[in-house]
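What follows is the content of structure.pdb, which has PDB, C-alpha atoms:
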ATOM      1  CA  MET A 300      92.386 102.373 117.078
ATOM      2  CA  ASN A 301      95.578 103.522 118.767
ATOM      3  CA  GLN A 302      96.706  99.952 119.283
ATOM      4  CA  SER A 303      96.223  99.087 115.608
ATOM      5  CA  LYS A 304      98.380 102.058 114.569
ATOM      6  CA  TRP A 305     101.019 100.980 117.065
ATOM      7  CA  LEU A 306     100.980  97.402 115.739
ATOM      8  CA  LEU A 307     101.275  98.628 112.155
ATOM      9  CA  ARG A 308     104.239 100.828 113.088
ATOM     10  CA  GLU A 309     105.905  97.939 114.939
ATOM     11  CA  GLU A 310     105.443  95.632 111.955
ATOM     12  CA  GLN A 311     107.051  98.226 109.709
ATOM     13  CA  ASN A 312     109.946  98.624 112.146
ATOM     14  CA  MET A 313     110.397  94.848 112.312
ATOM     15  CA  THR A 314     110.365  94.610 108.522
ATOM     16  CA  ASN A 315     112.984  97.350 108.152
ATOM     17  CA  THR A 316     115.166  95.854 110.874
ATOM     18  CA  MET A 317     114.970  92.369 109.402
ATOM     19  CA  GLU A 318     115.764  93.683 105.920
ATOM     20  CA  LYS A 319     118.845  95.552 107.165
ATOM     21  CA  GLY A 320     120.032  92.592 109.214
ATOM     22  CA  LEU A 321     119.596  90.137 106.375
ATOM     23  CA  LYS A 322     121.487  92.439 104.000
ATOM     24  CA  LYS A 323     124.384  92.579 106.465
ATOM     25  CA  MET A 324     124.494  88.782 106.427
ATOM     26  CA  GLY A 325     124.456  88.783 102.629
ATOM     27  CA  VAL A 326     120.853  87.626 102.308
ATOM     28  CA  THR A 327     118.523  89.708 100.199
ATOM     29  CA  VAL A 328     114.770  89.365 100.478
ATOM     30  CA  SER A 329     112.429  91.337  98.277
ATOM     31  CA  LYS A 330     110.070  93.835  99.847
ATOM     32  CA  PRO A 331     106.953  91.936  98.703
ATOM     33  CA  ILE A 332     108.125  88.836 100.579
ATOM     34  CA  LEU A 333     108.815  90.880 103.715
ATOM     35  CA  ALA A 334     105.398  92.515 103.326
ATOM     36  CA  ILE A 335     103.716  89.109 103.096
ATOM     37  CA  ILE A 336     105.573  87.926 106.202
ATOM     38  CA  ALA A 337     104.477  91.062 108.079
ATOM     39  CA  ILE A 338     100.863  90.533 106.979
ATOM     40  CA  ILE A 339     100.954  86.905 108.097
ATOM     41  CA  PHE A 340     102.353  87.885 111.499
ATOM     42  CA  GLY A 341      99.720  90.615 111.790
ATOM     43  CA  ILE A 342      96.919  88.174 111.049
ATOM     44  CA  LEU A 343      98.337  85.679 113.532
ATOM     45  CA  VAL A 344      98.486  88.344 116.249
ATOM     46  CA  ILE A 345      94.890  89.357 115.573
ATOM     47  CA  ALA A 346      93.678  85.741 115.480
ATOM     48  CA  PHE A 347      95.780  84.538 118.399
ATOM     49  CA  PRO A 348      96.726  87.446 120.703
ATOM     50  CA  SER A 349      98.810  85.115 122.864
ATOM     51  CA  LEU A 350     101.174  84.692 119.894
ATOM     52  CA  LEU A 351     102.243  88.312 120.291
ATOM     53  CA  VAL A 352     104.534  87.281 123.121
ATOM     54  CA  TRP A 353     106.222  84.669 120.915
ATOM     55  CA  ILE A 354     106.522  86.975 117.925
ATOM     56  CA  VAL A 355     108.050  89.751 120.006
ATOM     57  CA  GLY A 356     110.350  87.253 121.694
ATOM     58  CA  LEU A 357     111.540  85.916 118.347
ATOM     59  CA  TYR A 358     112.057  89.469 117.128
ATOM     60  CA  PHE A 359     114.281  90.277 120.113
ATOM     61  CA  ILE A 360     116.288  87.073 119.693
ATOM     62  CA  ILE A 361     116.839  87.677 115.971
ATOM     63  CA  GLN A 362     117.638  91.338 116.562
ATOM     64  CA  GLY A 363     120.139  90.403 119.271
ATOM     65  CA  ILE A 364     121.859  87.881 117.008
ATOM     66  CA  LEU A 365     122.055  90.390 114.169
ATOM     67  CA  LEU A 366     123.496  93.058 116.478
ATOM     68  CA  LEU A 367     126.109  90.649 117.818
ATOM     69  CA  LEU A 368     127.086  89.596 114.290
ATOM     70  CA  ASP A 369     127.401  93.250 113.287
ATOM     71  CA  TYR A 370     129.529  93.997 116.346
ATOM     72  CA  MET A 371     131.800  91.019 115.694
ATOM     73  CA  GLU A 372     132.169  92.020 112.047
ATOM     74  CA  LEU A 373     133.145  95.574 112.985
ATOM     75  CA  ARG A 374     135.629  94.300 115.549
ATOM     76  CA  ARG A 375     137.384  92.139 112.973
ATOM     77  CA  LYS A 376     138.086  95.188 110.799
TER
END

Could you render the structure from this file as structure tokens?
Amino acid sequence: MNQSKWLLREEQNMTNTMEKGLKKMGVTVSKPILAIIAIIFGILVIAFPSLLVWIVGLYFIIQGILLLLDYMELRRK
């Protein structure tokens, strides 16, 4: 039960982070699309627990890229 709450919270955090990062890059994605992506990832994690490592890894890579782009943008100003 605790783990499912944690996973739900992490999915929400990932969705918010991705939405903010995409907006910074000029890409807008509607909340329903982000919700569907989060649901798909959640189902994949439940069906294939080994995918969690890949999903988290991809999240960190994307988050790192978005942070670097934000830093470079702020430095240019």

Query raised in the report: So how many Å separate CA of Gly363 (chain A) and CA of Ile345 (chain A), to one decimal?
Result: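 Taking CA of Gly363 (chain A) as the start and CA of Ile345 (chain A) as the end point, the length is 25.5 Å.
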
Query raised in the report: Which value, in Å to one decimal, gives the distance between CA of Gly341 (chain A) and CA of Glu309 (chain A)?
Result: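 A separation of 10.1 Å between them.
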
Around all of region 360-370 of chain A's listed atoms, make the axis-aligned box with 3 Å on each side and tell me centre and edge lengths in Å to one decimal, as JSON.
{"center_x": 122.9, "center_y": 90.5, "center_z": 116.5, "size_x": 19.2, "size_y": 12.9, "size_z": 12.4}

**Report entry** Top pick for closest residue to Glu318 (chain A), considering A:Val355, A:Leu365, A:Ile339, A:Ile360 and counting all atoms listed in the file
**Finding:** A:Leu365

Report task. Would you mind telling me which residue in A:Lys319, A:Met313, A:Gln362, A:Gly356 lies nearest to Ile338 (chain A) when using only C-alpha atoms? Result ->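 When distances to Ile338 (chain A) are compared using only C-alpha atoms, the smallest one comes from A:Met313.
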
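The closest residue to Ile335 (chain A), picked from A:Gln311, A:Leu368, A:Tyr358, A:Phe347 and counting only C-alpha atoms, is A:Gln311.
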
Requested in this report: For CA of Glu372 (chain A) and CA of Asn312 (chain A), determine how far apart the two atoms are, in Å to one decimal place.
Outcome: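 These atoms are spaced 23.2 Å apart.
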